[in-house]
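J.: Before anything else, here's the structure in question.
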Amino acid sequence: MLELSTLEVGYAGLRGRVLEPLTLSIAPGSFVCVLGRNGAGKSTLMRTIAGLQPALAGVARLGEVDVTTMTAADRARQIAVVLTERPVSPGLTVSDVVLLGRQPFTNWHGRFSDEDRAIAANAISQAGATAFTARYFDDLSDGERQRVMIARALAQSPHLMILDEITAFLDLPGRVEVMGLLRRKARESGCVVLLSSHDLELSLQLADIVWLLDGKNSLVTGTPATLVGSGCINHAFDSEMVQFSSRLGRFELVDQ
């Protein structure tokens, strides 16, 4: 289980707190989509839960263990993170990069076992990256790199996957494939998957739970149907030019 207990995320100094204190829990096997407009605090929240950024107060626990108290090796065995930054890996092939996801599980010699290699190969296949396995990672397009980083996260066999805007460089079929894969991964393995996305319509179709940041320091949670029916989606995203149609499940231009 992932549990947030009066967690405050933000920055020291003038920027201060980004969200009101959060207390909630997510059951194993849940596929959670984190939605909100630019600047609402999605990335800050994700980085804090991952232990990459200190919380202002409160705690994030995974399996009753405070994420910030985990050793680097233990965190790597339990939490897989894919962020928006463009990764570089000079001289490494796709196969090399994905196999690094198994590094936390190697013995004291640091050698990969046949099982590690099989898990990495399966992750590459699941992420749709088989066609460029032998290519150098730095020669790939942005969309291809994203698939490789997803494969590396899958290879870690984590209890928690945190993915920040990882479908941004994929075309529509690719976004559907990847989000469907991650939802299936959560259900089959029991891990919690947190995915932030600007693809609102697809997220509302596939998410088990939505964390909705309204841009006013608040976070609302619920099923997609609950948040659509309550008007929370409209409150967070509607503007003078565009409104979300709860009946059609998509954005529409406002008649001028």
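Residues are referred to by chain and number: the chain letter is A, B, ... according to the order shown in the structure tokens, the number counts from 1 in that chain, and ligands are numbered separately from 1 in the order shown.
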Using only C-alpha atoms, tabulate the residues of range 92-120 of chain A lying at most 10 Å from any atom of range 66-74 of chain A, each with its closest atom pair and that distance in Å to one decimal, by chain and increasing residue number, as a Markdown table.
T.:
| residue | atom | partner | partner_atom | distance |
| --- | --- | --- | --- | --- |
| A:Gln103 | CA | A:Ala73 | CA | 9.3 |
| A:Pro104 | CA | A:Ala73 | CA | 6.0 |
| A:Phe105 | CA | A:Ala73 | CA | 8.8 |
J.: For range 40-51 of chain A, work out the shell of residues within 9 Å, counting only C-alpha atoms and skipping chain neighbours fewer than 5 positions away, then give it as a ChimeraX atom specification.
T.: /A:4,8-11,18-19,34-35,59-61,67-68,70,75,79-81,83-84,160-165,194-197,213-217
J.: Keeping only N, CA, C and O atoms, write the selected residues to a file as a short mmCIF file (atom, residue, chain, number, x, y, z; two decimals), in the first residue's frame.
T.:
data_model
loop_
_atom_site.label_atom_id
_atom_site.label_comp_id
_atom_site.auth_asym_id
_atom_site.auth_seq_id
_atom_site.Cartn_x
_atom_site.Cartn_y
_atom_site.Cartn_z
N LEU A 4 -0.01 8.32 2.18
CA LEU A 4 0.45 9.67 2.44
C LEU A 4 -0.20 10.14 3.73
O LEU A 4 -1.42 10.06 3.88
N GLU A 8 3.04 17.35 3.05
CA GLU A 8 3.06 18.69 2.47
C GLU A 8 4.19 18.76 1.46
O GLU A 8 5.35 18.49 1.79
N VAL A 9 3.85 19.09 0.21
CA VAL A 9 4.85 19.18 -0.84
C VAL A 9 5.02 20.63 -1.26
O VAL A 9 4.06 21.40 -1.25
N GLY A 10 6.25 20.98 -1.62
CA GLY A 10 6.52 22.35 -2.02
C GLY A 10 8.00 22.64 -1.90
O GLY A 10 8.85 21.74 -1.98
N TYR A 11 8.32 23.91 -1.69
CA TYR A 11 9.70 24.36 -1.70
C TYR A 11 9.95 25.30 -0.53
O TYR A 11 9.06 26.08 -0.14
N VAL A 18 2.94 23.83 -2.08
CA VAL A 18 2.24 23.72 -3.36
C VAL A 18 0.84 23.16 -3.17
O VAL A 18 -0.10 23.56 -3.87
N LEU A 19 0.69 22.23 -2.24
CA LEU A 19 -0.60 21.58 -1.99
C LEU A 19 -0.91 21.57 -0.50
O LEU A 19 0.00 21.54 0.33
N VAL A 34 -2.63 11.06 -12.33
CA VAL A 34 -2.53 12.35 -11.65
C VAL A 34 -2.75 13.43 -12.70
O VAL A 34 -1.97 13.56 -13.65
N LEU A 35 -3.81 14.21 -12.55
CA LEU A 35 -4.22 15.18 -13.55
C LEU A 35 -4.22 16.60 -12.98
O LEU A 35 -4.45 16.79 -11.79
N VAL A 59 4.69 12.52 5.73
CA VAL A 59 5.46 11.37 5.28
C VAL A 59 4.72 10.62 4.19
O VAL A 59 3.49 10.59 4.15
N ALA A 60 5.50 10.01 3.27
CA ALA A 60 4.98 9.07 2.28
C ALA A 60 5.53 7.69 2.64
O ALA A 60 6.75 7.53 2.78
N ARG A 61 4.64 6.72 2.79
CA ARG A 61 5.05 5.37 3.18
C ARG A 61 4.69 4.38 2.08
O ARG A 61 3.63 4.47 1.47
N VAL A 67 9.47 6.40 2.89
CA VAL A 67 10.31 6.36 1.68
C VAL A 67 11.65 7.03 1.92
O VAL A 67 12.69 6.58 1.42
N THR A 68 11.67 8.10 2.70
CA THR A 68 12.92 8.84 2.91
C THR A 68 13.91 8.09 3.78
O THR A 68 15.09 8.45 3.82
N MET A 70 14.49 4.81 3.41
CA MET A 70 15.03 3.69 2.64
C MET A 70 16.45 4.01 2.17
O MET A 70 16.78 5.15 1.85
N ARG A 75 15.46 1.49 -2.11
CA ARG A 75 14.51 2.29 -2.88
C ARG A 75 14.51 1.87 -4.34
O ARG A 75 13.46 1.80 -4.98
N ILE A 79 11.00 1.04 -5.90
CA ILE A 79 10.38 2.17 -6.60
C ILE A 79 11.06 2.41 -7.93
O ILE A 79 12.28 2.59 -7.99
N ALA A 80 10.29 2.41 -8.99
CA ALA A 80 10.79 2.75 -10.33
C ALA A 80 10.26 4.12 -10.70
O ALA A 80 9.07 4.40 -10.53
N VAL A 81 11.14 4.97 -11.21
CA VAL A 81 10.78 6.36 -11.51
C VAL A 81 11.17 6.69 -12.95
O VAL A 81 12.30 6.42 -13.37
N LEU A 83 10.95 10.17 -15.20
CA LEU A 83 10.61 11.59 -15.15
C LEU A 83 10.63 12.21 -16.54
O LEU A 83 10.94 11.55 -17.54
N THR A 84 10.31 13.50 -16.60
CA THR A 84 10.20 14.19 -17.88
C THR A 84 11.55 14.56 -18.46
O THR A 84 11.64 14.86 -19.65
N LEU A 160 6.18 0.12 -6.53
CA LEU A 160 5.60 1.42 -6.88
C LEU A 160 6.27 1.94 -8.14
O LEU A 160 7.51 1.99 -8.21
N MET A 161 5.48 2.31 -9.14
CA MET A 161 5.99 2.94 -10.35
C MET A 161 5.48 4.37 -10.39
O MET A 161 4.28 4.61 -10.25
N ILE A 162 6.40 5.32 -10.59
CA ILE A 162 6.06 6.73 -10.67
C ILE A 162 6.52 7.24 -12.03
O ILE A 162 7.72 7.23 -12.33
N LEU A 163 5.57 7.66 -12.84
CA LEU A 163 5.86 8.03 -14.22
C LEU A 163 5.27 9.41 -14.49
O LEU A 163 4.06 9.61 -14.43
N ASP A 164 6.15 10.37 -14.79
CA ASP A 164 5.73 11.76 -14.94
C ASP A 164 5.73 12.15 -16.42
O ASP A 164 6.79 12.29 -17.03
N GLU A 165 4.55 12.27 -16.99
CA GLU A 165 4.38 12.69 -18.38
C GLU A 165 5.15 11.79 -19.35
O GLU A 165 5.75 12.28 -20.32
N LEU A 194 1.58 5.19 -10.43
CA LEU A 194 1.19 6.60 -10.44
C LEU A 194 1.67 7.21 -11.75
O LEU A 194 2.87 7.24 -12.03
N LEU A 195 0.75 7.71 -12.55
CA LEU A 195 1.08 8.27 -13.86
C LEU A 195 0.48 9.67 -13.97
O LEU A 195 -0.74 9.84 -13.90
N SER A 196 1.34 10.68 -14.12
CA SER A 196 0.82 12.01 -14.39
C SER A 196 0.70 12.19 -15.89
O SER A 196 1.54 11.70 -16.66
N SER A 197 -0.35 12.88 -16.32
CA SER A 197 -0.60 12.99 -17.75
C SER A 197 -1.42 14.23 -18.07
O SER A 197 -2.23 14.69 -17.26
N LEU A 213 -5.51 17.70 -9.32
CA LEU A 213 -4.99 18.93 -8.74
C LEU A 213 -5.72 20.09 -9.39
O LEU A 213 -5.69 20.24 -10.62
N ASP A 214 -6.38 20.90 -8.59
CA ASP A 214 -7.22 21.95 -9.15
C ASP A 214 -6.50 23.26 -9.41
O ASP A 214 -7.10 24.23 -9.88
N GLY A 215 -5.18 23.33 -9.12
CA GLY A 215 -4.44 24.56 -9.36
C GLY A 215 -4.61 25.58 -8.25
O GLY A 215 -4.05 26.69 -8.33
N LYS A 216 -5.36 25.23 -7.21
CA LYS A 216 -5.59 26.14 -6.08
C LYS A 216 -5.16 25.47 -4.77
O LYS A 216 -5.77 25.64 -3.73
N ASN A 217 -4.10 24.67 -4.87
CA ASN A 217 -3.49 23.99 -3.72
C ASN A 217 -4.29 22.82 -3.18
O ASN A 217 -3.96 22.30 -2.11
#
J.: Between A:Arg15, A:Arg77, A:Arg145, A:His159, which is the closest to Leu2 in chain A once you count only C-alpha atoms?
T.: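 Of the candidates, the smallest distance to Leu2 in chain A is held by A:His159.
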J.: Rank A:Glu201, A:Glu240, A:Glu3, A:Glu64 by their smallest atom-to-atom distance to Val228 in chain A, using only C-alpha atoms, and report the top residue only.
T.: A:Glu201
J.: So how many Å separate CA of Asp142 in chain A and CA of Phe169 in chain A, to one decimal?
T.: 6.0 Å
J.: Suppose you want the space between CA of Ala168 in chain A and CA of Leu248 in chain A; what is it in Å?
T.: 23.5 Å
J.: As a list in words, please: the residues near Gly128 in chain A (cut-off 9 Å, only C-alpha atoms, same-chain neighbours under 2 positions excluded).
T.: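 The contact residues come out as Ala123, Ile124, Ser125, Gln126, Thr130, Ala131, Arg147, Val148, Ala151, Glu177 and Val178 of chain A.
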J.: Just write the chosen residues, all heavy atoms, as a JSON list (two decimals), in the first residue's frame.
T.:
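Result written to again_26.json:
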[["chain", "number", "residue", "atom", "x", "y", "z"],
["A", 123, "ALA", "N", 10.70, -7.22, -20.52],
["A", 123, "ALA", "CA", 10.28, -5.83, -20.34],
["A", 123, "ALA", "C", 10.40, -5.05, -21.65],
["A", 123, "ALA", "O", 9.53, -4.23, -21.98],
["A", 123, "ALA", "CB", 11.13, -5.17, -19.26],
["A", 124, "ILE", "N", 11.47, -5.30, -22.40],
["A", 124, "ILE", "CA", 11.65, -4.65, -23.70],
["A", 124, "ILE", "C", 10.50, -5.01, -24.64],
["A", 124, "ILE", "O", 9.94, -4.16, -25.34],
["A", 124, "ILE", "CB", 13.00, -5.04, -24.32],
["A", 124, "ILE", "CG1", 14.14, -4.39, -23.54],
["A", 124, "ILE", "CG2", 13.07, -4.64, -25.79],
["A", 124, "ILE", "CD1", 15.52, -4.87, -23.94],
["A", 125, "SER", "N", 10.13, -6.28, -24.64],
["A", 125, "SER", "CA", 9.03, -6.74, -25.48],
["A", 125, "SER", "C", 7.71, -6.09, -25.07],
["A", 125, "SER", "O", 6.95, -5.61, -25.91],
["A", 125, "SER", "CB", 8.92, -8.26, -25.40],
["A", 125, "SER", "OG", 7.80, -8.74, -26.11],
["A", 126, "GLN", "N", 7.44, -6.06, -23.76],
["A", 126, "GLN", "CA", 6.20, -5.48, -23.26],
["A", 126, "GLN", "C", 6.08, -4.00, -23.63],
["A", 126, "GLN", "O", 4.99, -3.51, -23.94],
["A", 126, "GLN", "CB", 6.12, -5.63, -21.75],
["A", 126, "GLN", "CG", 5.85, -7.04, -21.27],
["A", 126, "GLN", "CD", 5.73, -7.09, -19.76],
["A", 126, "GLN", "OE1", 6.57, -6.57, -19.03],
["A", 126, "GLN", "NE2", 4.67, -7.72, -19.28],
["A", 130, "THR", "N", 11.35, -3.85, -28.88],
["A", 130, "THR", "CA", 12.16, -4.94, -29.42],
["A", 130, "THR", "C", 12.85, -4.57, -30.72],
["A", 130, "THR", "O", 14.00, -4.96, -30.97],
["A", 130, "THR", "CB", 11.29, -6.19, -29.64],
["A", 130, "THR", "OG1", 10.66, -6.55, -28.41],
["A", 130, "THR", "CG2", 12.11, -7.35, -30.15],
["A", 131, "ALA", "N", 12.19, -3.78, -31.55],
["A", 131, "ALA", "CA", 12.72, -3.47, -32.87],
["A", 131, "ALA", "C", 14.03, -2.68, -32.82],
["A", 131, "ALA", "O", 14.81, -2.70, -33.78],
["A", 131, "ALA", "CB", 11.68, -2.68, -33.68],
["A", 147, "ARG", "N", 9.88, 4.70, -24.47],
["A", 147, "ARG", "CA", 9.56, 3.26, -24.40],
["A", 147, "ARG", "C", 10.66, 2.49, -23.68],
["A", 147, "ARG", "O", 10.40, 1.56, -22.90],
["A", 147, "ARG", "CB", 9.34, 2.70, -25.81],
["A", 147, "ARG", "CG", 8.02, 3.11, -26.44],
["A", 147, "ARG", "CD", 7.80, 2.41, -27.77],
["A", 147, "ARG", "NE", 6.54, 2.76, -28.39],
["A", 147, "ARG", "CZ", 5.38, 2.15, -28.14],
["A", 147, "ARG", "NH1", 5.34, 1.15, -27.26],
["A", 147, "ARG", "NH2", 4.28, 2.53, -28.76],
["A", 148, "VAL", "N", 11.91, 2.87, -23.94],
["A", 148, "VAL", "CA", 13.03, 2.20, -23.30],
["A", 148, "VAL", "C", 13.03, 2.45, -21.79],
["A", 148, "VAL", "O", 13.26, 1.54, -20.98],
["A", 148, "VAL", "CB", 14.37, 2.65, -23.91],
["A", 148, "VAL", "CG1", 15.55, 2.05, -23.16],
["A", 148, "VAL", "CG2", 14.44, 2.24, -25.38],
["A", 151, "ALA", "N", 10.49, 0.39, -20.24],
["A", 151, "ALA", "CA", 10.97, -0.99, -20.16],
["A", 151, "ALA", "C", 11.91, -1.16, -18.96],
["A", 151, "ALA", "O", 11.85, -2.16, -18.24],
["A", 151, "ALA", "CB", 11.69, -1.38, -21.45],
["A", 177, "GLU", "N", -1.44, 2.17, -25.99],
["A", 177, "GLU", "CA", -0.71, 0.93, -25.71],
["A", 177, "GLU", "C", 0.00, 1.00, -24.37],
["A", 177, "GLU", "O", -0.08, 0.07, -23.55],
["A", 177, "GLU", "CB", 0.31, 0.65, -26.82],
["A", 177, "GLU", "CG", -0.29, 0.27, -28.16],
["A", 177, "GLU", "CD", 0.78, 0.22, -29.24],
["A", 177, "GLU", "OE1", 1.98, 0.37, -28.90],
["A", 177, "GLU", "OE2", 0.42, 0.05, -30.41],
["A", 178, "VAL", "N", 0.73, 2.09, -24.14],
["A", 178, "VAL", "CA", 1.54, 2.21, -22.93],
["A", 178, "VAL", "C", 0.67, 2.31, -21.69],
["A", 178, "VAL", "O", 0.92, 1.64, -20.68],
["A", 178, "VAL", "CB", 2.49, 3.42, -23.04],
["A", 178, "VAL", "CG1", 3.08, 3.77, -21.68],
["A", 178, "VAL", "CG2", 3.60, 3.12, -24.03]]
J.: As a compact mmCIF listing (two decimals) with C-alpha atoms, in the first residue's frame, please: the residues near Leu202 in chain A (cut-off 12 Å, only C-alpha atoms, same-chain neighbours under 2 positions excluded).
T.:
# COMPACT_ATOMS: atom_id res chain seq x y z
CA CYS A 33 -3.66 8.98 -13.01
CA LEU A 35 -4.22 15.18 -13.55
CA THR A 167 3.50 9.51 -22.88
CA LEU A 172 -2.06 8.33 -29.95
CA PRO A 173 -1.83 4.55 -30.55
CA GLY A 174 1.41 4.53 -28.55
CA ARG A 175 -0.20 6.36 -25.64
CA VAL A 176 -3.09 3.91 -25.57
CA GLU A 177 -0.71 0.93 -25.71
CA VAL A 178 1.54 2.21 -22.93
CA MET A 179 -1.23 3.25 -20.57
CA GLY A 180 -3.03 -0.06 -21.16
CA LEU A 195 1.08 8.27 -13.86
CA SER A 196 0.82 12.01 -14.39
CA SER A 197 -0.60 12.99 -17.75
CA HIS A 198 -2.04 15.82 -19.80
CA ASP A 199 -4.06 13.27 -21.77
CA LEU A 200 -7.23 13.86 -19.78
CA LEU A 204 -10.47 9.14 -17.54
CA GLN A 205 -11.06 6.03 -19.64
CA LEU A 206 -8.31 3.90 -18.10
CA ALA A 207 -7.59 5.06 -14.54
CA VAL A 210 -7.74 9.91 -10.34
CA PRO A 224 -13.17 8.98 -13.08
CA GLY A 249 -16.18 12.78 -22.24
CA ARG A 250 -14.10 15.29 -24.18
CA PHE A 251 -13.21 18.95 -24.46
J.: Based on the backbone DSSP call, show me all residues of range 48-250 of chain A assigned helix (DSSP H, G or I), as a VMD selection string.
T.: chain A and resid 48 to 49 67 to 69 72 to 78 94 to 105 114 to 126 130 to 132 137 to 139 142 to 155 172 to 189 200 to 206 224 to 230 232 to 237
J.: Pick the closest to Ala27 in chain A from A:Met1, A:Ala155, A:Val193, A:Leu212: which is it, counting only C-alpha atoms?
T.: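 Distance minimum relative to Ala27 in chain A lands on A:Met1.
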J.: List as an MDAnalysis selection string the protein and nucleic acid residues near Glu144 in chain A, meaning an atom at most 9 Å away when only C-alpha atoms are counted, but skip any in the same chain fewer than 3 places from it.
T.: chainID A and resid 129 132 137 140:141 147:149 169:170
J.: With all heavy atoms retained, could you export that selection as a compact mmCIF listing (two decimals), in the first residue's frame?
T.:
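Listing of again_26.txt after writing:
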# COMPACT_ATOMS: atom_id res chain seq x y z
N ALA A 129 9.69 -2.17 -27.53
CA ALA A 129 11.00 -1.64 -27.91
C ALA A 129 11.90 -2.69 -28.56
O ALA A 129 13.08 -2.44 -28.80
CB ALA A 129 11.71 -1.06 -26.69
N PHE A 132 14.30 -1.99 -31.72
CA PHE A 132 15.54 -1.21 -31.65
C PHE A 132 16.40 -1.61 -30.45
O PHE A 132 17.17 -0.82 -29.93
CB PHE A 132 15.25 0.29 -31.63
CG PHE A 132 14.05 0.72 -30.83
CD1 PHE A 132 14.14 1.05 -29.48
CD2 PHE A 132 12.79 0.81 -31.44
CE1 PHE A 132 13.03 1.45 -28.76
CE2 PHE A 132 11.67 1.21 -30.71
CZ PHE A 132 11.80 1.53 -29.37
N PHE A 137 21.19 3.92 -27.32
CA PHE A 137 20.10 4.67 -26.70
C PHE A 137 20.09 6.12 -27.15
O PHE A 137 19.03 6.69 -27.43
CB PHE A 137 20.21 4.57 -25.18
CG PHE A 137 19.14 5.31 -24.43
CD1 PHE A 137 17.87 4.77 -24.30
CD2 PHE A 137 19.39 6.55 -23.87
CE1 PHE A 137 16.87 5.44 -23.61
CE2 PHE A 137 18.40 7.23 -23.17
CZ PHE A 137 17.14 6.67 -23.04
N LEU A 140 18.23 7.27 -30.41
CA LEU A 140 16.79 7.07 -30.54
C LEU A 140 16.03 8.39 -30.55
O LEU A 140 16.51 9.41 -30.04
CB LEU A 140 16.27 6.23 -29.37
CG LEU A 140 16.88 4.83 -29.19
CD1 LEU A 140 16.24 4.15 -27.99
CD2 LEU A 140 16.72 3.98 -30.44
N SER A 141 14.82 8.36 -31.09
CA SER A 141 13.92 9.50 -31.00
C SER A 141 13.39 9.63 -29.58
O SER A 141 13.54 8.72 -28.76
CB SER A 141 12.74 9.32 -31.96
OG SER A 141 11.89 8.27 -31.51
N ARG A 147 9.88 4.70 -24.47
CA ARG A 147 9.56 3.26 -24.40
C ARG A 147 10.66 2.49 -23.68
O ARG A 147 10.40 1.56 -22.90
CB ARG A 147 9.34 2.70 -25.81
CG ARG A 147 8.02 3.11 -26.44
CD ARG A 147 7.80 2.41 -27.77
NE ARG A 147 6.54 2.76 -28.39
CZ ARG A 147 5.38 2.15 -28.14
NH1 ARG A 147 5.34 1.15 -27.26
NH2 ARG A 147 4.28 2.53 -28.76
N VAL A 148 11.91 2.87 -23.94
CA VAL A 148 13.03 2.20 -23.30
C VAL A 148 13.03 2.45 -21.79
O VAL A 148 13.26 1.54 -20.98
CB VAL A 148 14.37 2.65 -23.91
CG1 VAL A 148 15.55 2.05 -23.16
CG2 VAL A 148 14.44 2.24 -25.38
N MET A 149 12.76 3.69 -21.39
CA MET A 149 12.74 4.01 -19.96
C MET A 149 11.58 3.31 -19.25
O MET A 149 11.69 2.90 -18.10
CB MET A 149 12.65 5.52 -19.77
CG MET A 149 13.84 6.29 -20.33
SD MET A 149 15.44 5.64 -19.77
CE MET A 149 15.37 5.99 -18.02
N PHE A 169 5.74 12.08 -25.68
CA PHE A 169 6.35 12.00 -27.01
C PHE A 169 5.82 10.85 -27.86
O PHE A 169 6.36 10.55 -28.92
CB PHE A 169 7.88 11.86 -26.87
CG PHE A 169 8.53 13.03 -26.19
CD1 PHE A 169 9.03 12.92 -24.91
CD2 PHE A 169 8.62 14.25 -26.84
CE1 PHE A 169 9.63 14.00 -24.29
CE2 PHE A 169 9.21 15.34 -26.22
CZ PHE A 169 9.72 15.22 -24.94
N LEU A 170 4.75 10.20 -27.38
CA LEU A 170 4.19 9.08 -28.12
C LEU A 170 2.97 9.53 -28.92
O LEU A 170 2.25 10.44 -28.52
CB LEU A 170 3.77 7.97 -27.15
CG LEU A 170 4.87 7.38 -26.28
CD1 LEU A 170 4.27 6.37 -25.30
CD2 LEU A 170 5.95 6.72 -27.12
J.: What's around Val94 in chain A at 7 Å? Count only C-alpha atoms, leave out sequence neighbours fewer than 2 positions away in its own chain, and write the answer as a list in words.
T.: Leu92, Asp96, Val97, Val98, Thr133, Ala134, Arg135, Tyr136, Phe137 and Val148 of chain A
J.: What would the file look like if the residues just selected were written as an mmCIF file, in the first residue's frame with all heavy atoms?
T.:
data_model
loop_
_atom_site.group_PDB
_atom_site.id
_atom_site.type_symbol
_atom_site.label_atom_id
_atom_site.label_comp_id
_atom_site.auth_asym_id
_atom_site.auth_seq_id
_atom_site.Cartn_x
_atom_site.Cartn_y
_atom_site.Cartn_z
ATOM 1 N N LEU A 92 25.741 3.285 -24.523
ATOM 2 C CA LEU A 92 24.941 2.153 -24.097
ATOM 3 C C LEU A 92 23.862 1.829 -25.120
ATOM 4 O O LEU A 92 23.219 2.728 -25.662
ATOM 5 C CB LEU A 92 24.279 2.431 -22.745
ATOM 6 C CG LEU A 92 25.202 2.637 -21.542
ATOM 7 C CD1 LEU A 92 24.376 2.838 -20.283
ATOM 8 C CD2 LEU A 92 26.163 1.471 -21.366
ATOM 9 N N ASP A 96 21.405 -2.581 -22.911
ATOM 10 C CA ASP A 96 22.211 -2.202 -21.742
ATOM 11 C C ASP A 96 21.399 -1.348 -20.772
ATOM 12 O O ASP A 96 21.437 -1.560 -19.556
ATOM 13 C CB ASP A 96 23.447 -1.407 -22.171
ATOM 14 C CG ASP A 96 24.424 -2.216 -23.008
ATOM 15 O OD1 ASP A 96 24.483 -3.445 -22.835
ATOM 16 O OD2 ASP A 96 25.126 -1.598 -23.845
ATOM 17 N N VAL A 97 20.679 -0.362 -21.303
ATOM 18 C CA VAL A 97 19.925 0.573 -20.461
ATOM 19 C C VAL A 97 18.841 -0.160 -19.683
ATOM 20 O O VAL A 97 18.660 0.068 -18.478
ATOM 21 C CB VAL A 97 19.320 1.701 -21.318
ATOM 22 C CG1 VAL A 97 18.346 2.545 -20.488
ATOM 23 C CG2 VAL A 97 20.420 2.585 -21.889
ATOM 24 N N VAL A 98 18.110 -1.032 -20.347
ATOM 25 C CA VAL A 98 17.036 -1.757 -19.675
ATOM 26 C C VAL A 98 17.602 -2.720 -18.633
ATOM 27 O O VAL A 98 17.052 -2.857 -17.532
ATOM 28 C CB VAL A 98 16.157 -2.504 -20.692
ATOM 29 C CG1 VAL A 98 15.086 -3.332 -19.979
ATOM 30 C CG2 VAL A 98 15.507 -1.515 -21.651
ATOM 31 N N THR A 133 16.316 -2.877 -30.065
ATOM 32 C CA THR A 133 17.067 -3.371 -28.906
ATOM 33 C C THR A 133 18.571 -3.151 -29.046
ATOM 34 O O THR A 133 19.250 -2.800 -28.073
ATOM 35 C CB THR A 133 16.801 -4.877 -28.702
ATOM 36 O OG1 THR A 133 15.401 -5.080 -28.512
ATOM 37 C CG2 THR A 133 17.557 -5.412 -27.503
ATOM 38 N N ALA A 134 19.113 -3.364 -30.256
ATOM 39 C CA ALA A 134 20.562 -3.306 -30.443
ATOM 40 C C ALA A 134 21.079 -1.897 -30.741
ATOM 41 O O ALA A 134 22.291 -1.693 -30.820
ATOM 42 C CB ALA A 134 20.966 -4.257 -31.569
ATOM 43 N N ARG A 135 20.186 -0.939 -30.907
ATOM 44 C CA ARG A 135 20.635 0.419 -31.241
ATOM 45 C C ARG A 135 21.150 1.138 -30.003
ATOM 46 O O ARG A 135 20.824 0.787 -28.870
ATOM 47 C CB ARG A 135 19.478 1.207 -31.858
ATOM 48 C CG ARG A 135 19.080 0.730 -33.250
ATOM 49 C CD ARG A 135 17.835 1.432 -33.740
ATOM 50 N NE ARG A 135 17.988 2.877 -33.770
ATOM 51 C CZ ARG A 135 16.991 3.737 -34.000
ATOM 52 N NH1 ARG A 135 15.765 3.266 -34.184
ATOM 53 N NH2 ARG A 135 17.215 5.029 -34.027
ATOM 54 N N TYR A 136 21.983 2.164 -30.247
ATOM 55 C CA TYR A 136 22.450 2.983 -29.134
ATOM 56 C C TYR A 136 21.310 3.866 -28.634
ATOM 57 O O TYR A 136 20.572 4.475 -29.420
ATOM 58 C CB TYR A 136 23.628 3.847 -29.560
ATOM 59 C CG TYR A 136 24.918 3.067 -29.713
ATOM 60 C CD1 TYR A 136 25.473 2.847 -30.974
ATOM 61 C CD2 TYR A 136 25.563 2.545 -28.596
ATOM 62 C CE1 TYR A 136 26.649 2.123 -31.117
ATOM 63 C CE2 TYR A 136 26.736 1.819 -28.733
ATOM 64 C CZ TYR A 136 27.272 1.606 -29.990
ATOM 65 O OH TYR A 136 28.426 0.878 -30.127
ATOM 66 N N PHE A 137 21.188 3.918 -27.321
ATOM 67 C CA PHE A 137 20.097 4.666 -26.703
ATOM 68 C C PHE A 137 20.091 6.122 -27.148
ATOM 69 O O PHE A 137 19.027 6.694 -27.433
ATOM 70 C CB PHE A 137 20.215 4.570 -25.181
ATOM 71 C CG PHE A 137 19.140 5.309 -24.433
ATOM 72 C CD1 PHE A 137 17.870 4.765 -24.300
ATOM 73 C CD2 PHE A 137 19.389 6.546 -23.866
ATOM 74 C CE1 PHE A 137 16.873 5.440 -23.614
ATOM 75 C CE2 PHE A 137 18.404 7.225 -23.174
ATOM 76 C CZ PHE A 137 17.142 6.674 -23.045
ATOM 77 N N VAL A 148 11.907 2.870 -23.939
ATOM 78 C CA VAL A 148 13.035 2.195 -23.298
ATOM 79 C C VAL A 148 13.034 2.454 -21.785
ATOM 80 O O VAL A 148 13.265 1.539 -20.984
ATOM 81 C CB VAL A 148 14.367 2.648 -23.912
ATOM 82 C CG1 VAL A 148 15.552 2.046 -23.157
ATOM 83 C CG2 VAL A 148 14.444 2.235 -25.379
#
J.: Calculate how many Å separate CA of Ser230 in chain A from CA of Ser5 in chain A, rounding to one decimal.
T.: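 Pair CA of Ser230 in chain A / CA of Ser5 in chain A returns 25.4 Å.
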J.: Report the residues of range 11-200 of chain A whose backbone DSSP state falls under strand (DSSP E), written as a PyMOL selection string.
T.: chain A and resi 11+16-17+22-26+31-35+57-62+65-66+79-82+160-164+192-196
J.: Which neighbours of Arg102 in chain A fall inside 9 Å, counting only C-alpha atoms, when residues of the same chain fewer than 5 positions from it are skipped, and could you give them as a list in words?
T.: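 Skipping anything fewer than 5 positions along the chain leaves Arg77, Phe112, Asp116, Arg117, Ile119, Ala120, Arg152, Ala155, Gln156 and Ser157 of chain A.
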J.: Put those residues in a file: N, CA and C atoms, as a CSV table (one decimal), in the first residue's frame.
T.:
chain,number,residue,atom,x,y,z
A,77,ARG,N,15.1,-1.0,-5.5
A,77,ARG,CA,14.4,-2.3,-5.6
A,77,ARG,C,12.9,-2.2,-5.5
A,112,PHE,N,25.0,-9.8,-13.8
A,112,PHE,CA,23.6,-10.1,-14.1
A,112,PHE,C,23.5,-11.6,-14.4
A,116,ASP,N,18.0,-12.3,-14.8
A,116,ASP,CA,18.0,-10.8,-15.0
A,116,ASP,C,17.8,-10.5,-16.5
A,117,ARG,N,18.6,-11.2,-17.3
A,117,ARG,CA,18.6,-10.9,-18.7
A,117,ARG,C,17.2,-11.3,-19.3
A,119,ILE,N,14.3,-11.2,-17.7
A,119,ILE,CA,13.3,-10.2,-17.2
A,119,ILE,C,13.5,-8.9,-18.0
A,120,ALA,N,14.7,-8.5,-18.3
A,120,ALA,CA,14.9,-7.3,-19.1
A,120,ALA,C,14.4,-7.5,-20.5
A,152,ARG,N,12.8,-0.2,-18.7
A,152,ARG,CA,13.7,-0.3,-17.6
A,152,ARG,C,12.9,-0.3,-16.3
A,155,ALA,N,11.5,-3.6,-15.8
A,155,ALA,CA,12.5,-4.6,-15.4
A,155,ALA,C,12.8,-4.6,-13.9
A,156,GLN,N,12.6,-3.5,-13.3
A,156,GLN,CA,12.9,-3.4,-11.9
A,156,GLN,C,11.9,-4.2,-11.0
A,157,SER,N,10.8,-4.6,-11.6
A,157,SER,CA,9.7,-5.3,-10.8
A,157,SER,C,9.4,-4.6,-9.5
